[in-house]
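Raw contents of final19.cif, mmCIF, C-alpha atoms:
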```cif
data_model
loop_
_atom_site.label_atom_id
_atom_site.label_comp_id
_atom_site.auth_asym_id
_atom_site.auth_seq_id
_atom_site.Cartn_x
_atom_site.Cartn_y
_atom_site.Cartn_z
CA MET A 75 58.05 6.67 32.72
CA THR A 76 61.18 6.56 34.85
CA PRO A 77 62.85 3.13 35.00
CA ARG A 78 62.13 2.76 38.71
CA LEU A 79 58.68 4.26 39.07
CA GLY A 80 57.98 5.69 42.50
CA THR A 81 61.27 4.81 44.20
CA ASP A 82 61.77 8.47 45.07
CA GLY A 83 58.28 8.68 46.58
CA ARG A 84 56.83 10.66 43.68
CA LEU A 85 54.39 9.24 41.15
CA PRO A 86 53.29 11.00 37.95
CA PRO A 87 49.66 12.16 38.06
CA SER A 88 48.90 10.08 34.96
CA LEU A 89 50.53 7.54 32.64
CA SER A 90 49.59 6.57 29.11
CA MET A 91 48.15 3.08 28.66
CA GLY A 92 50.41 0.85 26.61
CA THR A 93 49.65 -1.04 23.43
CA ALA A 94 48.80 -4.29 25.25
CA ASP A 95 46.59 -2.44 27.75
CA VAL A 96 44.55 -0.91 24.94
CA ALA A 97 44.37 -4.30 23.21
CA PHE A 98 42.82 -5.90 26.31
CA HIS A 99 40.46 -2.94 26.68
CA ARG A 100 39.27 -3.43 23.09
CA ALA A 101 39.04 -7.21 23.33
CA THR A 102 36.64 -6.97 26.27
CA GLY A 103 34.62 -4.01 25.03
CA GLY A 104 35.82 -1.97 28.00
CA ARG A 105 34.60 -4.50 30.58
CA PRO A 106 37.09 -5.65 33.22
CA LEU A 107 38.73 -9.02 32.53
CA PRO A 108 39.71 -10.43 35.94
CA VAL A 109 43.18 -11.82 36.59
CA ALA A 110 43.22 -13.77 39.85
CA PHE A 111 46.21 -15.03 41.82
CA VAL A 112 45.01 -17.58 44.39
CA PHE A 113 47.24 -18.80 47.23
CA GLU A 114 45.95 -21.79 49.20
CA PHE A 115 46.98 -22.38 52.82
CA GLU A 116 46.43 -24.98 55.51
CA GLY A 117 45.96 -24.06 59.16
CA ARG A 118 44.33 -21.21 60.96
CA ALA A 119 43.21 -18.34 58.73
CA PRO A 120 44.25 -14.76 59.44
CA THR A 121 41.54 -12.35 60.52
CA LEU A 122 40.02 -9.92 58.08
CA ASP A 123 41.26 -7.05 60.26
CA SER A 124 44.86 -8.30 60.16
CA LEU A 125 44.68 -8.72 56.39
CA ARG A 126 43.32 -5.20 55.99
CA ALA A 127 46.09 -3.91 58.22
CA ARG A 128 48.73 -5.60 56.01
CA VAL A 129 47.17 -4.14 52.86
CA ALA A 130 46.83 -0.68 54.41
CA ALA A 131 50.50 -0.71 55.42
CA ARG A 132 51.74 -1.84 52.00
CA ALA A 133 49.39 -0.63 49.24
CA HIS A 134 50.40 3.03 49.21
CA ARG A 135 54.06 2.02 48.64
CA ILE A 136 53.31 -0.13 45.55
CA PRO A 137 53.03 2.13 42.48
CA THR A 138 50.75 -0.11 40.44
CA LEU A 139 48.12 -0.09 43.20
CA ARG A 140 47.97 3.70 43.14
CA TYR A 141 46.45 4.06 39.66
CA ARG A 142 43.03 3.62 38.11
CA ILE A 143 42.03 3.29 34.46
CA ALA A 144 40.59 6.34 32.72
CA ARG A 145 39.12 4.19 29.96
CA ASP A 146 37.73 7.07 27.90
CA ARG A 147 41.16 8.72 27.75
CA GLY A 148 43.46 5.72 27.44
CA ARG A 149 45.41 6.65 30.54
CA PHE A 150 46.15 5.48 34.07
CA ARG A 151 45.42 8.21 36.63
CA ARG A 152 46.96 8.38 40.09
CA VAL A 153 44.73 7.90 43.13
CA ASP A 154 46.02 9.62 46.25
CA ARG A 155 43.86 7.88 48.85
CA ILE A 156 43.10 4.15 48.97
CA ALA A 157 39.98 3.09 50.90
CA VAL A 158 41.26 -0.29 52.09
CA ASP A 159 37.85 -1.47 53.35
CA LEU A 160 36.55 -1.25 49.77
CA HIS A 161 39.45 -3.34 48.43
CA VAL A 162 39.69 -6.20 50.96
CA HIS A 163 36.83 -8.72 51.24
CA GLU A 164 35.93 -12.02 52.87
CA ALA A 165 33.99 -15.07 51.65
CA TRP A 166 33.04 -18.51 52.97
CA LEU A 167 33.13 -21.59 50.71
CA PRO A 168 33.27 -24.57 53.10
CA GLU A 169 32.53 -27.13 50.36
CA ASP A 170 35.33 -25.98 48.04
CA THR A 171 37.64 -28.98 48.36
CA ASP A 172 39.50 -28.47 45.06
CA GLY A 173 39.62 -24.67 44.75
CA SER A 174 37.29 -24.53 41.75
CA ALA A 175 34.52 -22.68 43.59
CA THR A 176 36.95 -20.00 44.74
CA SER A 177 38.20 -19.66 41.16
CA ARG A 178 34.67 -19.33 39.76
CA LEU A 179 33.87 -16.68 42.36
CA MET A 180 36.94 -14.66 41.40
CA LEU A 181 36.02 -14.75 37.70
CA SER A 182 32.32 -14.01 38.20
CA ARG A 183 32.45 -11.36 40.92
CA PRO A 184 32.45 -7.92 39.22
CA LEU A 185 35.54 -5.77 39.57
CA GLY A 186 34.92 -2.15 40.51
CA THR A 187 34.62 0.19 37.53
CA ASP A 188 34.36 3.42 39.51
CA ASP A 189 37.22 5.77 40.40
CA ARG A 190 39.00 3.17 42.54
CA PRO A 191 42.15 1.38 41.38
CA PRO A 192 41.04 -1.92 39.73
CA TRP A 193 42.28 -4.45 42.28
CA ASP A 194 41.07 -6.25 45.36
CA VAL A 195 42.16 -8.83 47.92
CA TRP A 196 40.05 -11.70 49.23
CA LEU A 197 40.22 -13.94 52.27
CA VAL A 198 38.30 -17.10 51.37
CA HIS A 199 37.50 -19.59 54.13
CA GLY A 200 37.39 -23.10 52.68
CA PRO A 201 36.88 -26.52 54.29
CA ALA A 202 37.99 -26.94 57.90
CA GLY A 203 41.64 -26.01 58.31
CA ARG A 204 42.03 -24.48 54.85
CA HIS A 205 41.80 -20.97 53.44
CA ALA A 206 42.95 -18.93 50.48
CA LEU A 207 44.25 -15.43 49.88
CA VAL A 208 43.52 -13.90 46.49
CA TYR A 209 44.98 -10.89 44.74
CA ARG A 210 42.78 -9.86 41.81
CA THR A 211 43.07 -7.17 39.15
CA ASP A 212 41.96 -6.23 35.63
CA HIS A 213 43.95 -7.60 32.68
CA ALA A 214 43.79 -4.20 30.98
CA PHE A 215 45.75 -2.96 34.00
CA GLN A 216 48.26 -5.73 34.76
CA ASP A 217 49.70 -8.95 33.32
CA GLY A 218 50.52 -12.17 35.13
CA MET A 219 54.15 -11.36 35.93
CA GLY A 220 53.14 -7.92 37.17
CA ALA A 221 50.69 -9.71 39.47
CA VAL A 222 53.56 -11.90 40.75
CA TYR A 223 55.56 -8.90 41.95
CA THR A 224 52.53 -7.05 43.30
CA ALA A 225 51.15 -10.04 45.21
CA ARG A 226 54.51 -10.62 46.88
CA ALA A 227 54.93 -6.98 47.82
CA LEU A 228 51.35 -6.65 49.07
CA LEU A 229 50.77 -9.94 50.90
CA GLY A 230 54.12 -11.58 51.61
CA ASP A 231 56.04 -11.34 54.86
CA GLU A 232 59.10 -10.75 52.66
CA PRO A 233 58.70 -9.26 49.17
CA GLY A 234 61.64 -11.18 47.65
CA GLY A 235 61.81 -14.70 46.27
CA GLY A 236 60.19 -14.13 42.89
CA PRO A 237 61.74 -14.47 39.44
CA SER A 238 64.13 -11.82 38.15
CA PRO A 239 62.86 -9.46 35.44
CA ARG A 240 64.25 -10.08 31.98
CA PRO A 241 66.45 -7.36 30.48
CA PRO A 242 65.58 -6.52 26.85
CA ALA A 243 67.86 -7.84 24.12
CA ARG A 244 68.45 -7.00 20.46
CA PRO A 245 66.21 -9.15 18.21
CA THR A 246 67.70 -11.16 15.37
CA VAL A 247 66.78 -10.73 11.71
CA PRO A 248 65.10 -14.19 11.62
CA GLY A 249 63.18 -13.23 14.75
CA LEU A 250 61.88 -10.06 13.12
CA ALA A 251 60.93 -12.01 9.99
CA ASP A 252 59.07 -14.62 12.06
CA ALA A 253 57.26 -11.90 14.03
CA LEU A 254 56.18 -10.13 10.83
CA GLY A 255 54.96 -13.43 9.41
CA GLU A 256 52.98 -14.06 12.58
CA VAL A 257 51.30 -10.67 12.32
CA ALA A 258 50.43 -11.27 8.67
CA ALA A 259 49.00 -14.72 9.44
CA ALA A 260 46.74 -13.24 12.13
CA PHE A 261 44.89 -11.19 9.51
CA ARG A 262 44.20 -14.10 7.19
CA GLY A 263 41.11 -16.28 7.37
CA PRO A 264 40.09 -18.29 10.45
CA THR A 265 42.30 -21.22 11.46
CA SER A 266 40.80 -24.68 11.87
CA LYS A 267 40.81 -25.87 15.48
CA PRO A 268 37.70 -28.06 15.70
CA ALA A 269 37.97 -28.90 19.41
CA PHE A 270 37.70 -25.21 20.33
CA ASP A 271 35.63 -23.65 17.53
CA GLY A 272 31.96 -22.87 18.02
CA VAL A 273 29.56 -20.59 19.85
CA SER A 274 30.41 -19.34 23.35
CA THR A 275 27.93 -19.11 26.21
CA GLY A 276 29.84 -16.40 28.07
CA ARG A 277 29.81 -18.56 31.22
CA VAL A 278 32.97 -20.28 32.37
CA ASP A 279 34.04 -23.13 34.59
CA VAL A 280 37.45 -23.69 36.17
CA CYS A 281 39.36 -26.83 37.08
CA HIS A 282 42.82 -27.44 38.56
CA THR A 283 45.27 -30.24 39.13
CA ASP A 284 48.58 -30.30 41.00
CA THR A 285 51.79 -32.23 40.48
CA PRO A 286 55.28 -32.01 41.98
CA LEU A 287 57.41 -29.57 40.02
CA ALA A 288 60.26 -32.08 40.25
CA ARG A 289 58.38 -34.39 37.84
CA LEU A 290 58.29 -31.74 35.13
CA ARG A 291 61.93 -30.84 35.70
CA ALA A 292 63.03 -34.48 35.48
CA VAL A 293 61.22 -35.03 32.15
CA ALA A 294 62.63 -31.74 30.85
CA ARG A 295 66.20 -32.77 31.73
CA ALA A 296 65.77 -36.17 30.12
CA HIS A 297 64.60 -34.66 26.82
CA GLY A 298 66.66 -31.49 26.61
CA GLY A 299 63.73 -29.16 27.16
CA THR A 300 62.22 -26.90 29.78
CA VAL A 301 59.35 -27.20 32.24
CA THR A 302 57.25 -25.13 29.83
CA ASP A 303 58.07 -27.55 26.99
CA VAL A 304 56.87 -30.50 29.07
CA TYR A 305 53.70 -28.63 30.06
CA LEU A 306 52.89 -27.83 26.43
CA ALA A 307 53.67 -31.32 25.11
CA ALA A 308 51.49 -32.95 27.78
CA LEU A 309 48.72 -30.44 27.01
CA SER A 310 49.02 -31.25 23.32
CA HIS A 311 48.59 -34.97 23.99
CA ALA A 312 45.73 -34.30 26.42
CA VAL A 313 43.83 -32.35 23.74
CA ARG A 314 44.52 -35.14 21.22
CA THR A 315 43.15 -37.81 23.58
CA TRP A 316 40.16 -35.68 24.56
CA TYR A 317 39.18 -34.94 20.96
CA LEU A 318 39.81 -38.53 19.80
CA LYS A 319 37.58 -39.86 22.56
CA ASP A 320 34.77 -37.51 21.53
CA THR A 321 35.00 -37.77 17.73
CA GLY A 322 37.09 -40.82 16.88
CA SER A 323 39.40 -38.69 14.74
CA ALA A 324 42.75 -37.01 15.26
CA HIS A 325 42.96 -33.29 15.89
CA PRO A 326 45.10 -31.13 13.57
CA PRO A 327 48.01 -29.12 15.06
CA LEU A 328 46.48 -26.63 17.48
CA PRO A 329 47.39 -22.93 17.18
CA VAL A 330 47.84 -21.34 20.60
CA SER A 331 49.18 -18.04 21.90
CA ILE A 332 52.09 -18.03 24.34
CA PRO A 333 52.28 -14.87 26.49
CA MET A 334 55.85 -13.74 27.17
CA SER A 335 56.86 -11.10 29.70
CA VAL A 336 58.93 -8.11 28.62
CA ARG A 337 58.83 -6.51 32.08
CA ALA A 338 62.35 -5.14 32.46
CA PRO A 339 64.33 -4.55 35.67
CA GLY A 340 62.91 -1.50 37.44
CA GLU A 341 59.40 -2.09 36.05
CA GLU A 342 58.34 -4.70 38.59
CA TYR A 343 55.69 -2.48 40.16
CA ALA A 344 54.72 -0.34 37.17
CA PRO A 345 51.06 -0.47 36.08
CA GLY A 346 50.15 -1.89 32.70
CA ASN A 347 50.82 -5.02 30.67
CA ARG A 348 54.43 -5.59 29.73
CA MET A 349 54.00 -8.66 27.59
CA VAL A 350 53.91 -9.89 24.01
CA THR A 351 52.68 -13.15 22.49
CA ALA A 352 54.01 -15.77 20.12
CA ARG A 353 51.92 -18.20 18.09
CA LEU A 354 52.84 -21.87 18.38
CA LEU A 355 51.30 -25.03 16.93
CA LEU A 356 50.78 -27.75 19.51
CA PRO A 357 51.39 -31.12 17.79
CA CYS A 358 48.00 -32.67 18.64
CA ASP A 359 48.35 -34.76 15.48
CA GLU A 360 51.30 -36.59 17.02
CA GLU A 361 50.42 -40.00 18.44
CA SER A 362 53.51 -40.29 20.62
CA PRO A 363 53.86 -37.87 23.57
CA ARG A 364 57.66 -38.10 23.23
CA ARG A 365 57.60 -37.09 19.60
CA ALA A 366 55.19 -34.31 20.54
CA LEU A 367 57.70 -33.12 23.14
CA ALA A 368 60.52 -33.20 20.58
CA ARG A 369 58.48 -31.02 18.23
CA VAL A 370 57.62 -28.56 21.01
CA VAL A 371 61.27 -28.34 22.08
CA ALA A 372 62.25 -27.52 18.50
CA CYS A 373 59.60 -24.81 18.22
CA THR A 374 60.33 -23.11 21.53
CA GLY A 375 64.06 -23.41 20.83
CA ARG A 376 63.59 -21.33 17.70
CA LEU A 377 61.58 -18.76 19.67
CA ARG A 378 64.51 -18.33 22.03
CA GLU A 379 67.28 -18.48 19.44
CA THR A 380 65.69 -15.86 17.19
CA ARG A 381 64.64 -13.73 20.20
CA ARG A 382 61.07 -13.60 19.01
CA ARG A 383 60.04 -12.00 22.31
CA ASP A 384 62.28 -9.01 21.64
CA ALA A 385 61.29 -8.89 17.99
CA MET A 386 57.60 -8.63 18.82
CA ARG A 387 58.33 -6.11 21.55
CA LEU A 388 60.20 -3.95 19.05
CA LEU A 389 57.48 -4.22 16.39
CA LEU A 390 54.68 -3.25 18.75
CA ALA A 391 56.71 -0.41 20.27
CA ALA A 392 57.50 1.00 16.81
CA ALA A 393 53.87 0.95 15.65
CA PRO A 394 51.37 3.67 16.58
CA ARG A 395 49.48 2.59 19.69
CA THR A 396 46.14 2.23 17.89
CA LEU A 397 47.66 0.06 15.17
CA GLY A 398 49.65 -1.98 17.68
CA ALA A 399 46.51 -2.59 19.76
CA THR A 400 44.66 -3.78 16.64
CA VAL A 401 47.49 -6.22 15.92
CA GLY A 402 47.62 -7.37 19.55
CA THR A 403 43.87 -8.00 19.64
CA ARG A 404 44.05 -10.04 16.46
CA LEU A 405 46.99 -12.15 17.66
CA VAL A 406 44.89 -13.46 20.57
CA HIS A 407 41.49 -13.89 18.94
CA GLY A 408 39.35 -17.01 18.81
CA ALA A 409 39.41 -16.95 15.02
CA VAL A 410 43.21 -17.28 15.00
CA VAL A 411 44.19 -19.29 18.10
CA ALA A 412 42.48 -21.74 20.44
CA GLY A 413 43.56 -19.60 23.38
CA PRO A 414 46.48 -18.47 25.53
CA VAL A 415 48.68 -21.11 27.17
CA SER A 416 50.58 -19.36 29.95
CA SER A 417 53.41 -20.50 32.20
CA VAL A 418 54.01 -18.43 35.35
CA ASP A 419 56.84 -19.07 37.81
CA PHE A 420 56.05 -17.51 41.18
CA GLY A 421 59.32 -18.68 42.77
CA THR A 422 59.51 -19.49 46.47
CA ALA A 423 56.26 -20.01 48.35
CA LEU A 424 54.29 -16.98 49.50
CA VAL A 425 54.53 -16.61 53.28
CA HIS A 426 51.77 -14.61 54.97
CA GLN A 427 51.88 -14.03 58.72
CA GLY A 428 54.27 -16.95 59.07
CA ALA A 429 52.22 -19.47 57.05
CA SER A 430 53.48 -20.79 53.69
CA ALA A 431 51.09 -21.26 50.78
CA ARG A 432 50.87 -24.87 49.67
CA ARG A 433 49.70 -24.00 46.16
CA ALA A 434 49.47 -20.97 43.90
CA ALA A 435 47.36 -20.56 40.76
CA VAL A 436 47.03 -17.56 38.47
CA PHE A 437 44.35 -17.46 35.78
CA THR A 438 42.10 -15.17 33.81
CA GLY A 439 38.75 -15.29 32.05
CA VAL A 440 37.93 -15.69 28.36
CA ALA A 441 37.29 -12.93 25.82
CA SER A 442 37.47 -12.10 22.13
CA GLY A 443 36.06 -15.42 20.91
CA ILE A 444 38.44 -17.50 23.06
CA ARG A 445 36.77 -20.51 24.71
CA CYS A 446 39.67 -21.95 26.75
CA VAL A 447 42.67 -20.57 28.66
CA THR A 448 45.27 -22.78 30.34
CA THR A 449 47.97 -21.79 32.81
CA LEU A 450 50.76 -23.65 34.58
CA THR A 451 51.69 -21.88 37.82
CA SER A 452 54.86 -22.98 39.61
CA GLN A 453 55.43 -22.18 43.28
CA HIS A 454 58.27 -23.71 45.30
CA ASP A 455 57.90 -27.46 44.67
CA THR A 456 54.37 -27.59 43.24
CA ALA A 457 53.03 -26.98 39.73
CA CYS A 458 49.32 -26.25 39.28
CA LEU A 459 47.58 -26.66 35.93
CA THR A 460 44.47 -24.49 35.60
CA VAL A 461 41.93 -24.78 32.78
CA VAL A 462 39.37 -21.99 32.38
CA HIS A 463 36.81 -22.93 29.75
CA ASP A 464 33.49 -21.81 28.38
CA GLU A 465 30.64 -24.03 29.56
CA ALA A 466 29.97 -24.90 25.92
CA LEU A 467 33.06 -27.14 26.19
CA ALA A 468 31.13 -29.42 28.51
CA THR A 469 33.83 -32.08 28.94
CA ALA A 470 36.87 -29.78 29.11
CA ASP A 471 37.14 -30.59 32.82
CA GLU A 472 38.68 -33.88 31.66
CA LEU A 473 41.79 -32.07 30.39
CA PRO A 474 43.67 -31.85 33.72
CA ASP A 475 43.47 -35.63 34.29
CA LEU A 476 44.41 -36.29 30.67
CA TRP A 477 47.35 -33.91 31.12
CA LEU A 478 48.55 -35.92 34.12
CA ALA A 479 48.18 -39.13 32.10
CA ALA A 480 50.30 -37.65 29.29
CA LEU A 481 52.93 -36.61 31.82
CA LEU A 482 53.02 -40.17 33.14
CA GLU A 483 53.66 -41.46 29.61
CA LEU A 484 56.52 -39.00 29.21
CA GLU A 485 58.09 -40.34 32.42
CA ARG A 486 58.14 -43.96 31.27
CA PRO A 487 61.55 -45.40 30.23
#
```

I need this file expressed as C-alpha cells, please.
Amino acid sequence: MTPRLGTDGRLPPSLSMGTADVAFHRATGGRPLPVAFVFEFEGRAPTLDSLRARVAARAHRIPTLRYRIARDRGRFRRVDRIAVDLHVHEAWLPEDTDGSATSRLMLSRPLGTDDRPPWDVWLVHGPAGRHALVYRTDHAFQDGMGAVYTARALLGDEPGGGPSPRPPARPTVPGLADALGEVAAAFRGPTSKPAFDGVSTGRVDVCHTDTPLARLRAVARAHGGTVTDVYLAALSHAVRTWYLKDTGSAHPPLPVSIPMSVRAPGEEYAPGNRMVTARLLLPCDEESPRRALARVVACTGRLRETRRRDAMRLLLAAAPRTLGATVGTRLVHGAVVAGPVSSVDFGTALVHQGASARRAAVFTGVASGIRCVTTLTSQHDTACLTVVHDEALATADELPDLWLAALLELERP
C-alpha cells in the first residue's frame, strides 16, 4: 500500500487484510462486529436528504469507504459505485433521553454483508430538540482511530481538528521482552477475573455517563499521570466497589486489554485495523483510589518507556499473518482478559451543517468470550464513559456512577 492511499485519485483494486483484521474476523466467526461513533446534538436536526447529499459528495473521496470485505479471500476489494441511499438511514427514538437506546440500536441492527462496503450513517431523532448522527462500520474493517478520521472527513463541515497520527518508533529491548512475555501468557490457562467470568447470553446493554474533560486533566496533573491513567484508575475502583457490594469480598487485580493505535501519518483513511493491544492489570485489590492511580501510572509509564506499542507492532508484522491473527485473537479473549478498555480522543467537536456536537461516544460489541467493553471518548471539553456489557452482568449499569464516585474521591485534597 502506498503511504498516502488514494491521494492521486487511484485506488488499488484490492488490498490484503492485515493481521488485526483477520483476528477480528476469526473472533466473530465471520459475523460483522459493529463499531459505532455517535455524535449527539441539540437543536434542529438536518434533513435526511441533506445528510445523504453530504455523504454522496464526500464518500467517494475517502479511500476506506470505497472497499468491501471479501471474507473468503482475506482481502478488501474496491467498490466503484456507492449507492448512498443504501448507506444512509433514519430512525426515531423520542424516549431516548440518555443515548442508550440509540447505542443498543447501533449494536443490534445488522450490518450489510453483501457486496457493499461495510459502513452506514444514521440520523436518529431523539427527544424534542435533540438528535444524533452515527457513523458505523465493521471492526474487521476499521478500528476506533480510523473511525475518528473517517467520521470527520465524511460528516464534518471541516475535516481537520482530530488527533495527529503517531509515527512509528524503534522498540526497546525491554519492550520486546515484555511483548513476548505477554504473548506467552496469553496461551497459558484461564486468568481469574470473577466479576467478569461466566456464561454469556449474547445480548448486550449499553450505558453512558459524561463528565467535563477538565476534571480528568486536573487529577492527571496533580498525580503526574494522563487522562487515560485517571480513567483506568477510576474504573479499577469502580469494579472493586461493584464487586465488593455484590460479594462482600475484594476483587483480584483485573487483566484488561488496552488497544493502541499504530496508524501512521498518511494512513488516516486507509481501510483495516492499525492497532495492537497491551495487557494491563487494573489494581482492583487496592482500597485507596489514589494508590490505585499510582499503580496505574507506573504501569502505563513502563508501556511508554519501553515502547511496547512499537514492540507489539513489530512482532505481529514479522509473524506470518495466520500466526499473527491467532496471537491477536488470543490476546483479547475472555479466557485471558476481562475485556478491552479503550481511550479515544476525537479532538475538537464535530460540526455538521453549522451545529456542534455536544457529546461523542465510540463503542463496539462483545465477542470471543468477552462480556464487557469500556471506552472513554473525549471530544472538545467533554469525556463520555461507555460501558457495553452482556445482559448476564445484570448490575453492570452501576459502573458509570461508581466511576464518577471514584473520580470524585481522586479529586479530594

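The point (32.0, -6.6, 25.7) has these residues within 12 Å of it when all atoms listed in the file are used: Phe98, His99, Arg100, Ala101, Thr102, Gly103, Gly104, Arg105, Pro106, Leu107, Gly276, Val440, Ala441, Ser442 and Gly443 of chain A.
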
Mind telling me what the PyMOL selection byres ((chain A and resi 287) around 10) catches here, as an mmCIF file with C-alpha atoms, in the frame of the given file?
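Listed below is the output, result26.cif:
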```
data_model
loop_
_atom_site.group_PDB
_atom_site.id
_atom_site.type_symbol
_atom_site.label_atom_id
_atom_site.label_comp_id
_atom_site.auth_asym_id
_atom_site.auth_seq_id
_atom_site.Cartn_x
_atom_site.Cartn_y
_atom_site.Cartn_z
ATOM 1 C CA ASP A 284 48.580 -30.300 41.000
ATOM 2 C CA THR A 285 51.790 -32.230 40.480
ATOM 3 C CA PRO A 286 55.280 -32.010 41.980
ATOM 4 C CA ALA A 288 60.260 -32.080 40.250
ATOM 5 C CA ARG A 289 58.380 -34.390 37.840
ATOM 6 C CA LEU A 290 58.290 -31.740 35.130
ATOM 7 C CA ARG A 291 61.930 -30.840 35.700
ATOM 8 C CA ALA A 292 63.030 -34.480 35.480
ATOM 9 C CA VAL A 301 59.350 -27.200 32.240
ATOM 10 C CA THR A 451 51.690 -21.880 37.820
ATOM 11 C CA SER A 452 54.860 -22.980 39.610
ATOM 12 C CA GLN A 453 55.430 -22.180 43.280
ATOM 13 C CA HIS A 454 58.270 -23.710 45.300
ATOM 14 C CA ASP A 455 57.900 -27.460 44.670
ATOM 15 C CA THR A 456 54.370 -27.590 43.240
ATOM 16 C CA ALA A 457 53.030 -26.980 39.730
ATOM 17 C CA CYS A 458 49.320 -26.250 39.280
#
```

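The shortest atom-to-atom distance to A:Asp212, with all atoms listed in the file taken into account, belongs to A:Arg142 out of A:Arg381, A:Arg132, A:Arg142, A:Arg369.
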
(request) Name the residues that the PyMOL selection byres ((chain A and resi 251) around 12) picks from the file above, as a ChimeraX atom specification, using the file's chain letters and numbers. (result) /A:245-250,252-258,377,380-382,385-386,389

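Nearest to A:Ala119 of all the residues A:Tyr223, A:Tyr305, A:Trp166, A:Phe420 is A:Trp166, counting all atoms listed in the file.
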
(request) Take the PyMOL selection byres ((chain A and resi 298) around 12), apply it to the structure above, and return the hits as a VMD selection string. (result) chain A and resid 290 to 297 299 to 304 364 367 to 372 374 to 375

(request) Might you pull out every residue within 12 Å of A:Arg183, with only C-alpha atoms counted and same-chain residues fewer than 3 positions away left off, and present them as a VMD selection string? (result) chain A and resid 106 to 110 163 165 175 to 180 186 194 196 210 to 211 439
